[in-house]
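K.L.:
Structure file target_34.cif (mmCIF, C-alpha atoms) right here:
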```cif
data_upload
loop_
_atom_site.group_PDB
_atom_site.id
_atom_site.type_symbol
_atom_site.label_atom_id
_atom_site.label_comp_id
_atom_site.auth_asym_id
_atom_site.auth_seq_id
_atom_site.Cartn_x
_atom_site.Cartn_y
_atom_site.Cartn_z
ATOM 1 C CA MET A 196 102.414 90.191 69.143
ATOM 2 C CA THR A 197 104.289 86.929 69.600
ATOM 3 C CA MET A 198 105.417 84.527 72.257
ATOM 4 C CA ARG A 199 108.279 82.275 71.151
ATOM 5 C CA GLY A 200 107.413 82.952 67.556
ATOM 6 C CA THR A 201 103.704 82.144 67.892
ATOM 7 C CA THR A 202 101.287 84.827 66.711
ATOM 8 C CA MET A 203 98.960 85.955 69.479
ATOM 9 C CA PRO A 204 95.312 86.563 68.452
ATOM 10 C CA ASP A 205 94.330 90.240 68.679
ATOM 11 C CA GLU A 206 91.252 89.421 70.810
ATOM 12 C CA PHE A 207 93.391 87.502 73.301
ATOM 13 C CA VAL A 208 95.954 90.304 73.570
ATOM 14 C CA LEU A 209 93.206 92.890 74.079
ATOM 15 C CA ARG A 210 91.535 90.796 76.787
ATOM 16 C CA VAL A 211 94.786 90.321 78.689
ATOM 17 C CA ALA A 212 95.706 94.005 78.338
ATOM 18 C CA LEU A 213 92.301 95.143 79.587
ATOM 19 C CA ALA A 214 92.584 92.868 82.618
ATOM 20 C CA ALA A 215 96.065 94.129 83.527
ATOM 21 C CA VAL A 216 95.283 97.801 82.954
ATOM 22 C CA GLY A 217 92.029 97.559 84.897
ATOM 23 C CA ILE A 218 93.732 96.166 88.000
ATOM 24 C CA ALA A 219 96.609 98.641 87.733
ATOM 25 C CA VAL A 220 94.340 101.669 87.352
ATOM 26 C CA ALA A 221 92.442 100.771 90.528
ATOM 27 C CA ALA A 222 95.534 99.658 92.460
ATOM 28 C CA GLY A 223 97.296 103.007 91.974
ATOM 29 C CA PRO A 224 94.822 105.236 93.887
ATOM 30 C CA LEU A 225 94.207 102.534 96.501
ATOM 31 C CA GLY A 226 97.957 102.240 96.952
ATOM 32 C CA CYS A 227 98.126 105.971 97.689
ATOM 33 C CA PHE A 228 95.826 105.443 100.645
ATOM 34 C CA VAL A 229 97.893 102.453 101.754
ATOM 35 C CA LEU A 230 100.947 104.757 101.893
ATOM 36 C CA TRP A 231 99.112 107.686 103.483
ATOM 37 C CA ARG A 232 97.631 105.449 106.163
ATOM 38 C CA ARG A 233 100.937 103.549 106.622
ATOM 39 C CA MET A 234 99.142 100.257 106.037
ATOM 40 C CA VAL A 235 101.627 98.324 103.913
ATOM 41 C CA TYR A 236 101.502 95.338 106.261
ATOM 42 C CA PHE A 237 97.708 95.546 106.245
ATOM 43 C CA GLY A 238 97.742 95.303 102.456
ATOM 44 C CA ASP A 239 99.992 92.255 102.745
ATOM 45 C CA THR A 240 97.615 90.680 105.238
ATOM 46 C CA ILE A 241 94.572 91.083 103.015
ATOM 47 C CA SER A 242 96.370 89.923 99.866
ATOM 48 C CA HIS A 243 97.835 86.860 101.595
ATOM 49 C CA ALA A 244 94.391 86.000 102.932
ATOM 50 C CA ALA A 245 93.360 85.574 99.306
ATOM 51 C CA LEU A 246 94.794 82.066 99.308
ATOM 52 C CA LEU A 247 92.547 81.154 102.217
ATOM 53 C CA GLY A 248 89.666 82.423 100.107
ATOM 54 C CA VAL A 249 90.720 80.236 97.200
ATOM 55 C CA ALA A 250 90.665 77.182 99.463
ATOM 56 C CA LEU A 251 87.251 78.191 100.817
ATOM 57 C CA ALA A 252 85.822 78.685 97.344
ATOM 58 C CA LEU A 253 87.112 75.356 96.058
ATOM 59 C CA ALA A 254 85.974 73.504 99.185
ATOM 60 C CA VAL A 255 82.343 74.685 98.997
ATOM 61 C CA ASP A 256 82.147 75.165 95.218
ATOM 62 C CA LEU A 257 81.884 78.958 95.221
ATOM 63 C CA PRO A 258 83.291 81.379 92.626
ATOM 64 C CA VAL A 259 86.882 82.172 93.553
ATOM 65 C CA PHE A 260 86.043 85.890 93.615
ATOM 66 C CA LEU A 261 83.479 85.395 96.387
ATOM 67 C CA GLY A 262 85.726 83.103 98.407
ATOM 68 C CA VAL A 263 88.625 85.556 98.272
ATOM 69 C CA LEU A 264 86.373 88.506 99.126
ATOM 70 C CA VAL A 265 84.918 86.717 102.162
ATOM 71 C CA ALA A 266 88.350 85.618 103.410
ATOM 72 C CA ALA A 267 89.917 89.047 102.882
ATOM 73 C CA LEU A 268 87.114 90.828 104.709
ATOM 74 C CA GLY A 269 87.098 88.217 107.491
ATOM 75 C CA VAL A 270 90.834 88.439 108.139
ATOM 76 C CA ALA A 271 90.704 92.240 107.934
ATOM 77 C CA ALA A 272 87.879 92.336 110.487
ATOM 78 C CA VAL A 273 89.806 90.123 112.910
ATOM 79 C CA VAL A 274 92.966 92.230 112.558
ATOM 80 C CA LEU A 275 91.128 95.538 112.986
ATOM 81 C CA ALA A 276 89.265 94.242 116.039
ATOM 82 C CA ALA A 277 92.406 92.884 117.716
ATOM 83 C CA ALA A 278 94.839 95.684 116.798
ATOM 84 C CA GLY A 279 96.392 97.302 119.858
ATOM 85 C CA ARG A 280 94.736 94.970 122.376
ATOM 86 C CA LEU A 281 97.179 92.090 122.664
ATOM 87 C CA HIS A 282 100.105 93.175 120.486
ATOM 88 C CA HIS A 283 101.433 96.279 118.792
ATOM 89 C CA PRO A 284 99.606 96.770 115.458
ATOM 90 C CA ASP A 285 102.815 96.241 113.420
ATOM 91 C CA THR A 286 103.479 92.949 115.208
ATOM 92 C CA LEU A 287 99.902 91.774 114.743
ATOM 93 C CA LEU A 288 99.897 92.685 111.048
ATOM 94 C CA GLY A 289 103.253 91.017 110.431
ATOM 95 C CA VAL A 290 102.110 87.811 112.098
ATOM 96 C CA SER A 291 98.716 87.902 110.370
ATOM 97 C CA ALA A 292 100.141 88.460 106.892
ATOM 98 C CA HIS A 293 102.458 85.454 106.964
ATOM 99 C CA ALA A 294 100.095 83.279 108.983
ATOM 100 C CA ALA A 295 97.303 83.892 106.452
ATOM 101 C CA LEU A 296 99.600 82.831 103.621
ATOM 102 C CA ALA A 297 100.761 79.706 105.469
ATOM 103 C CA LEU A 298 97.216 78.741 106.428
ATOM 104 C CA GLY A 299 96.097 79.235 102.848
ATOM 105 C CA LEU A 300 98.855 76.981 101.517
ATOM 106 C CA VAL A 301 98.000 74.290 104.062
ATOM 107 C CA ALA A 302 94.265 74.576 103.356
ATOM 108 C CA VAL A 303 94.770 74.239 99.608
ATOM 109 C CA SER A 304 96.992 71.170 100.110
ATOM 110 C CA LEU A 305 94.240 69.488 102.183
ATOM 111 C CA LEU A 306 91.639 69.717 99.423
ATOM 112 C CA ASN A 307 90.921 66.194 98.223
ATOM 113 C CA GLY A 308 90.133 65.515 94.604
ATOM 114 C CA VAL A 309 90.628 69.141 93.572
ATOM 115 C CA ARG A 310 93.355 70.094 91.114
ATOM 116 C CA VAL A 311 94.769 73.475 92.125
ATOM 117 C CA ASP A 312 97.143 75.621 90.063
ATOM 118 C CA LEU A 313 98.919 76.884 93.156
ATOM 119 C CA MET A 314 101.526 78.890 91.257
ATOM 120 C CA GLY A 315 98.798 80.644 89.306
ATOM 121 C CA TYR A 316 97.164 81.832 92.523
ATOM 122 C CA LEU A 317 100.505 82.873 94.037
ATOM 123 C CA VAL A 318 101.929 84.905 91.136
ATOM 124 C CA GLY A 319 98.935 85.208 88.835
ATOM 125 C CA ASP A 320 97.872 83.612 85.561
ATOM 126 C CA ILE A 321 96.603 86.499 83.485
ATOM 127 C CA LEU A 322 96.955 84.531 80.253
ATOM 128 C CA ALA A 323 94.075 82.331 81.440
ATOM 129 C CA VAL A 324 91.693 85.282 81.876
ATOM 130 C CA THR A 325 88.371 84.668 80.110
ATOM 131 C CA ARG A 326 85.685 87.105 78.989
ATOM 132 C CA GLY A 327 83.748 86.248 82.136
ATOM 133 C CA ASP A 328 86.839 86.946 84.271
ATOM 134 C CA LEU A 329 87.272 90.260 82.482
ATOM 135 C CA ALA A 330 83.720 91.263 83.359
ATOM 136 C CA VAL A 331 84.307 90.379 87.029
ATOM 137 C CA ILE A 332 87.628 92.250 87.065
ATOM 138 C CA TRP A 333 86.190 95.448 85.631
ATOM 139 C CA GLY A 334 83.142 95.160 87.860
ATOM 140 C CA GLY A 335 85.437 94.988 90.884
ATOM 141 C CA VAL A 336 87.582 97.825 89.558
ATOM 142 C CA ALA A 337 84.496 100.009 89.058
ATOM 143 C CA ALA A 338 83.264 99.185 92.569
ATOM 144 C CA SER A 339 86.634 99.983 94.200
ATOM 145 C CA LEU A 340 87.146 103.241 92.305
ATOM 146 C CA GLY A 341 83.512 104.230 92.757
ATOM 147 C CA LEU A 342 83.842 103.777 96.507
ATOM 148 C CA LEU A 343 87.018 105.876 96.569
ATOM 149 C CA ILE A 344 85.463 108.686 94.531
ATOM 150 C CA TRP A 345 82.288 108.653 96.620
ATOM 151 C CA ARG A 346 84.143 108.839 99.928
ATOM 152 C CA TRP A 347 87.167 110.836 98.732
ATOM 153 C CA PRO A 348 86.920 113.932 100.996
ATOM 154 C CA GLY A 349 86.218 112.009 104.203
ATOM 155 C CA LEU A 350 88.600 109.168 103.425
ATOM 156 C CA LEU A 351 91.403 111.568 102.508
ATOM 157 C CA MET A 352 90.919 113.644 105.649
ATOM 158 C CA ALA A 353 90.767 110.565 107.875
ATOM 159 C CA SER A 354 93.929 109.189 106.262
ATOM 160 C CA LEU A 355 96.041 112.339 106.492
ATOM 161 C CA ASP A 356 94.852 113.863 109.784
ATOM 162 C CA ARG A 357 92.583 111.862 112.077
ATOM 163 C CA GLU A 358 92.103 114.745 114.528
ATOM 164 C CA LEU A 359 91.115 117.130 111.750
ATOM 165 C CA ALA A 360 88.638 114.563 110.447
ATOM 166 C CA LEU A 361 87.030 114.294 113.884
ATOM 167 C CA ALA A 362 86.868 118.082 114.146
ATOM 168 C CA HIS A 363 84.977 118.194 110.836
ATOM 169 C CA GLY A 364 82.474 115.589 111.965
ATOM 170 C CA ARG A 365 84.001 112.712 110.012
ATOM 171 C CA ASN A 366 84.117 109.187 111.366
ATOM 172 C CA PRO A 367 87.651 107.831 110.761
ATOM 173 C CA ALA A 368 86.641 104.298 111.775
ATOM 174 C CA ARG A 369 83.835 104.213 109.223
ATOM 175 C CA GLU A 370 86.087 105.626 106.513
ATOM 176 C CA GLY A 371 88.676 102.982 107.363
ATOM 177 C CA LEU A 372 86.108 100.203 107.017
ATOM 178 C CA LEU A 373 85.017 101.512 103.616
ATOM 179 C CA PHE A 374 88.636 101.657 102.494
ATOM 180 C CA THR A 375 89.115 98.075 103.688
ATOM 181 C CA LEU A 376 86.092 97.026 101.629
ATOM 182 C CA ALA A 377 87.485 98.701 98.501
ATOM 183 C CA LEU A 378 90.866 97.048 99.086
ATOM 184 C CA ALA A 379 89.309 93.608 99.623
ATOM 185 C CA VAL A 380 87.282 93.890 96.405
ATOM 186 C CA LEU A 381 90.418 94.773 94.438
ATOM 187 C CA VAL A 382 92.362 91.868 95.954
ATOM 188 C CA ALA A 383 89.529 89.496 95.068
ATOM 189 C CA VAL A 384 89.602 90.453 91.394
ATOM 190 C CA ALA A 385 93.380 90.904 91.158
ATOM 191 C CA ILE A 386 94.473 87.451 92.309
ATOM 192 C CA LYS A 387 94.200 85.998 88.803
ATOM 193 C CA VAL A 388 96.246 88.843 87.320
ATOM 194 C CA VAL A 389 99.195 89.227 89.710
ATOM 195 C CA GLY A 390 98.589 86.590 92.398
ATOM 196 C CA ALA A 391 98.464 86.765 96.184
ATOM 197 C CA LEU A 392 102.196 87.392 96.561
ATOM 198 C CA LEU A 393 102.403 90.389 94.226
ATOM 199 C CA ILE A 394 99.186 92.338 94.772
ATOM 200 C CA THR A 395 100.760 94.527 97.446
ATOM 201 C CA ALA A 396 103.645 95.400 95.115
ATOM 202 C CA LEU A 397 101.191 96.653 92.498
ATOM 203 C CA LEU A 398 99.526 98.760 95.186
ATOM 204 C CA ILE A 399 102.683 100.316 96.613
ATOM 205 C CA ILE A 400 105.198 100.770 93.776
ATOM 206 C CA PRO A 401 103.088 102.938 91.406
ATOM 207 C CA ALA A 402 101.916 105.020 94.381
ATOM 208 C CA ALA A 403 105.517 105.511 95.526
ATOM 209 C CA THR A 404 106.466 106.552 91.997
ATOM 210 C CA ALA A 405 103.600 109.039 91.804
ATOM 211 C CA ARG A 406 104.524 110.593 95.148
ATOM 212 C CA LEU A 407 107.844 111.742 93.669
ATOM 213 C CA GLY A 408 106.107 114.105 91.246
ATOM 214 C CA SER A 409 102.878 115.098 92.960
ATOM 215 C CA GLY A 410 101.962 118.288 94.761
ATOM 216 C CA THR A 411 98.456 117.270 95.783
ATOM 217 C CA PRO A 412 96.744 114.023 96.834
ATOM 218 C CA GLU A 413 94.494 114.145 93.776
ATOM 219 C CA ARG A 414 97.459 114.494 91.447
ATOM 220 C CA MET A 415 99.224 111.633 93.199
ATOM 221 C CA ALA A 416 96.209 109.344 92.807
ATOM 222 C CA VAL A 417 95.901 110.119 89.081
ATOM 223 C CA LEU A 418 99.639 109.692 88.474
ATOM 224 C CA ALA A 419 99.606 106.413 90.401
ATOM 225 C CA ALA A 420 96.818 105.106 88.165
ATOM 226 C CA LEU A 421 98.690 106.190 85.016
ATOM 227 C CA THR A 422 101.966 104.734 86.288
ATOM 228 C CA GLY A 423 100.247 101.451 87.085
ATOM 229 C CA ALA A 424 98.709 101.310 83.601
ATOM 230 C CA MET A 425 102.090 102.006 81.985
ATOM 231 C CA ALA A 426 103.706 99.282 84.083
ATOM 232 C CA ALA A 427 100.939 96.836 83.166
ATOM 233 C CA LEU A 428 101.367 97.415 79.432
ATOM 234 C CA ALA A 429 105.177 97.400 79.614
ATOM 235 C CA GLY A 430 105.159 94.245 81.720
ATOM 236 C CA LEU A 431 102.827 92.501 79.303
ATOM 237 C CA ALA A 432 104.992 93.487 76.341
ATOM 238 C CA GLY A 433 108.101 92.207 78.107
ATOM 239 C CA SER A 434 106.360 89.003 79.103
ATOM 240 C CA PHE A 435 105.268 88.267 75.546
ATOM 241 C CA ARG A 436 108.651 89.233 74.136
ATOM 242 C CA PHE A 437 110.872 87.293 76.561
ATOM 243 C CA ASP A 438 108.416 84.566 77.651
ATOM 244 C CA THR A 439 108.604 85.536 81.333
ATOM 245 C CA PRO A 440 105.852 85.203 83.992
ATOM 246 C CA THR A 441 103.350 87.982 83.355
ATOM 247 C CA GLY A 442 102.505 89.050 86.925
ATOM 248 C CA PRO A 443 106.143 89.363 88.029
ATOM 249 C CA SER A 444 106.984 91.102 84.741
ATOM 250 C CA ILE A 445 104.383 93.791 85.485
ATOM 251 C CA VAL A 446 105.859 94.340 88.943
ATOM 252 C CA VAL A 447 109.386 94.537 87.488
ATOM 253 C CA ALA A 448 108.167 97.141 84.997
ATOM 254 C CA ALA A 449 106.631 99.123 87.871
ATOM 255 C CA LEU A 450 109.944 98.931 89.731
ATOM 256 C CA ALA A 451 111.806 100.184 86.646
ATOM 257 C CA LEU A 452 109.482 103.195 86.471
ATOM 258 C CA LEU A 453 110.083 103.909 90.168
ATOM 259 C CA LEU A 454 113.860 103.773 89.697
ATOM 260 C CA LEU A 455 113.640 106.014 86.623
ATOM 261 C CA ALA A 456 111.448 108.525 88.448
ATOM 262 C CA SER A 457 113.831 108.510 91.416
ATOM 263 C CA LEU A 458 116.786 109.130 89.108
ATOM 264 C CA VAL A 459 115.018 112.016 87.368
ATOM 265 C CA ARG A 460 113.970 113.505 90.721
ATOM 266 C CA GLY A 461 117.574 113.311 91.939
ATOM 267 C CA VAL A 462 118.911 115.037 88.814
ATOM 268 C CA VAL A 463 116.286 117.801 88.969
ATOM 269 C CA ARG A 464 117.077 118.536 92.629
ATOM 270 C CA ARG A 465 120.795 119.126 91.908
#
```
Let me see the file written as C-alpha cells.
P.N.:
Amino acid sequence: MTMRGTTMPDEFVLRVALAAVGIAVAAGPLGCFVLWRRMVYFGDTISHAALLGVALALAVDLPVFLGVLVAALGVAAVVLAAAGRLHHPDTLLGVSAHAALALGLVAVSLLNGVRVDLMGYLVGDILAVTRGDLAVIWGGVAASLGLLIWRWPGLLMASLDRELALAHGRNPAREGLLFTLALAVLVAVAIKVVGALLITALLIIPAATARLGSGTPERMAVLAALTGAMAALAGLAGSFRFDTPTGPSIVVAALALLLLASLVRGVVRR
C-alpha cells in the first residue's frame, strides 16, 4: 500500500488497520444504544470533554488515556446530576458539549512549555499509533464490549422501555451509569484514531446504517459493528490512496455506506 508513491511497511499498515477496526467494532454497538436512548448530544458532550482530559494529562504528566477517561467521566457525572434541575436536558447537553470543547481548547493553549498537536487530538492521528497505543486501544475496546455483553439484557430493557425495566426489577439509573462508563472508555481510546470532533460520528453513522436492515436489537448491534469495520478499512484505503486525513476519511466512508444503504432500502420498498 502506498501514500504518494511511498511503500508502506506491512507491519505499519496492519497496526493502523487494527487500531481503526478495533474502535469501529466497539463504536457500532455503543452507537446503537446512543440512538435507542436518544443521547446523541450526550455522546457529543463526552467526546468533546476528551480535550479537557488531554490538557489534564499533559498538565500533570499522566497518560492521555487516563486524563481523557477522568475528564469524560467527570463531565458526564456533572451533566447527569444536573439534568432536568436547572434546564431542559437537551439545552444542558447542548451547552455542555460545546462548552467542554471550548474549555479544552483554552486549557490546552494555557499549557506552558508543552508542545501539543492540537489537530491530531481534534481529528485524530491514527498514523502515529504505536504498539503500546494499540494495546491500550484493544484493551479499551475489550472493556467496553465486555461491559455491553455483560449487561446486555438490563441495558437493552432500560434503553428501550424504562417502565418495563422497572417492572422487571432492573435499575435504569445503574444501567445508564454502566453505559456511560463504557462510552467514556471508548472515547478515551478513540481520540487518537478519529479525534474529539469525530468520535460521535463513528458512534452514530454505522448504527444508523445498521438500523435500516435490522429486525432485532442484537442484529442491529452486530451489523453496526460490521458496518463500522467496513468504513474503517475503506476510509484507511482512501486515505492512503488520496493522501487525505485518516479520521475524516473513515467518517466519510461511513457516510457513503449510510447513503448506499438508504438508497437500497428505498428501492426495495418500491
K.L.:
Can you spell out as a PyMOL selection string the set of residues that the PyMOL selection byres ((chain A and resi 235) around 12) selects in the structure I just provided?
P.N.:
chain A and resi 225-234+236-242+284-285+288-289+292+378+394-400+402-403
K.L.:
Which one of A:Phe437, A:Pro224, A:Thr325, A:His243 sits closest to Arg414 of chain A if you count all atoms listed in the file?
P.N.:
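Smallest separation from Arg414 of chain A among the options: A:Pro224.
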K.L.:
Could you spell out the hits of the PyMOL selection byres ((chain A and resi 444) around 10) on the shown file, as a ChimeraX atom specification?
P.N.:
/A:389,426-435,437-443,445-450
K.L.:
For C-alpha atoms, I'd like the residues from the last selection saved as a PDB file, keeping the file's coordinate frame.
P.N.:
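This went into part.pdb:
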```pdb
ATOM      1  CA  VAL A 389      99.195  89.227  89.710  1.00  0.00           C
ATOM      2  CA  ALA A 426     103.706  99.282  84.083  1.00  0.00           C
ATOM      3  CA  ALA A 427     100.939  96.836  83.166  1.00  0.00           C
ATOM      4  CA  LEU A 428     101.367  97.415  79.432  1.00  0.00           C
ATOM      5  CA  ALA A 429     105.177  97.400  79.614  1.00  0.00           C
ATOM      6  CA  GLY A 430     105.159  94.245  81.720  1.00  0.00           C
ATOM      7  CA  LEU A 431     102.827  92.501  79.303  1.00  0.00           C
ATOM      8  CA  ALA A 432     104.992  93.487  76.341  1.00  0.00           C
ATOM      9  CA  GLY A 433     108.101  92.207  78.107  1.00  0.00           C
ATOM     10  CA  SER A 434     106.360  89.003  79.103  1.00  0.00           C
ATOM     11  CA  PHE A 435     105.268  88.267  75.546  1.00  0.00           C
ATOM     12  CA  PHE A 437     110.872  87.293  76.561  1.00  0.00           C
ATOM     13  CA  ASP A 438     108.416  84.566  77.651  1.00  0.00           C
ATOM     14  CA  THR A 439     108.604  85.536  81.333  1.00  0.00           C
ATOM     15  CA  PRO A 440     105.852  85.203  83.992  1.00  0.00           C
ATOM     16  CA  THR A 441     103.350  87.982  83.355  1.00  0.00           C
ATOM     17  CA  GLY A 442     102.505  89.050  86.925  1.00  0.00           C
ATOM     18  CA  PRO A 443     106.143  89.363  88.029  1.00  0.00           C
ATOM     19  CA  ILE A 445     104.383  93.791  85.485  1.00  0.00           C
ATOM     20  CA  VAL A 446     105.859  94.340  88.943  1.00  0.00           C
ATOM     21  CA  VAL A 447     109.386  94.537  87.488  1.00  0.00           C
ATOM     22  CA  ALA A 448     108.167  97.141  84.997  1.00  0.00           C
ATOM     23  CA  ALA A 449     106.631  99.123  87.871  1.00  0.00           C
ATOM     24  CA  LEU A 450     109.944  98.931  89.731  1.00  0.00           C
TER      25      LEU A 450
END
```
K.L.:
So, counting all atoms listed in the file, which residue among A:Val249, A:Gly349, A:Leu452, A:Ser409 is closest to Leu306 of chain A?
P.N.:
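Under the stated criterion, the closest residue is A:Val249.
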K.L.:
Expressed in Å to a single decimal, how great is the separation between atom CA of Gly223 of chain A and atom CA of Gly423 of chain A?
P.N.:
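Value for the atom CA of Gly223 of chain A-atom CA of Gly423 of chain A distance: 5.9 Å.
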K.L.:
Find the residues with any atom within 10 Å of (93.1, 86.6, 106.0); use all atoms listed in the file and the coordinates as given in the file, and write the answer as an MDAnalysis selection string.
P.N.:
chainID A and resid 239:248 263:274 291:296 298:299
K.L.:
Tell me which residues the PyMOL selection byres ((chain A and resi 317-319) around 7) grabs here, as a PyMOL selection string.
P.N.:
chain A and resi 313-316+320-321+386-393+442-443
K.L.:
Just to confirm, what's the straight-line distance from atom CA of Thr422 of chain A to atom CA of Val216 of chain A in Å (one decimal)?
P.N.:
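Atom-to-atom, atom CA of Thr422 of chain A and atom CA of Val216 of chain A are spaced 10.2 Å apart.
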K.L.:
Go through A:Ala377, A:Leu261, A:Ile344, A:Ala360 and flag the residue nearest Glu413 of chain A, using all atoms listed in the file for the distances.
P.N.:
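Ranking A:Ala377, A:Leu261, A:Ile344, A:Ala360 by distance to Glu413 of chain A, first place goes to A:Ile344.
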K.L.:
Between atom CA of Val309 of chain A and atom CA of Ala379 of chain A, what is the distance in Å, rounded to a tenth?
P.N.:
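Calculated distance between atom CA of Val309 of chain A and atom CA of Ala379 of chain A is 25.2 Å.
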K.L.:
With distances taken over only C-alpha atoms, which residue among A:Leu342, A:Leu305, A:Met352, A:Leu418 lies nearest Arg365 of chain A?
P.N.:
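Of A:Leu342, A:Leu305, A:Met352, A:Leu418, the one nearest Arg365 of chain A is A:Met352, counting only C-alpha atoms.
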K.L.:
Using the file's own x, y and z axes, what box holds all listed atoms of segment 286-290 of chain A with 8 Å on each side, keeping edges along x, y and z, and what are its centre and edge lengths in Å to one decimal, as lines of an AutoDock Vina configuration file?
P.N.:
```
center_x = 101.7
center_y = 90.4
center_z = 112.8
size_x = 19.6
size_y = 21.1
size_z = 20.8
```
K.L.:
Which is closer to Ala219 of chain A than all the others in A:Ala276, A:Leu376, A:Ile332, A:Leu355, using all atoms listed in the file?
P.N.:
A:Ile332
K.L.:
Identify, on the basis of only C-alpha atoms, every residue whose closest approach to Gly341 of chain A does not exceed 10 Å; exclude the query and any residue fewer than 6 positions from it along the same chain; express the result as a PyMOL selection string.
P.N.:
chain A and resi 221+335+347+377
K.L.:
Could you tell me which of A:Ala419, A:Val336, A:Ala451, A:Ala250 comes closest to Ile218 of chain A if we count all atoms listed in the file?
P.N.:
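Closest to Ile218 of chain A, using all atoms listed in the file: A:Val336.
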K.L.:
Do a neighbour search on Val463 of chain A at 12 Å with only C-alpha atoms, toss out local chain neighbours closer than 6 positions, and write the hits as a list of chain:residue names.
P.N.:
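Everything that qualifies: A:Leu407, A:Gly408, A:Ala456, A:Ser457.
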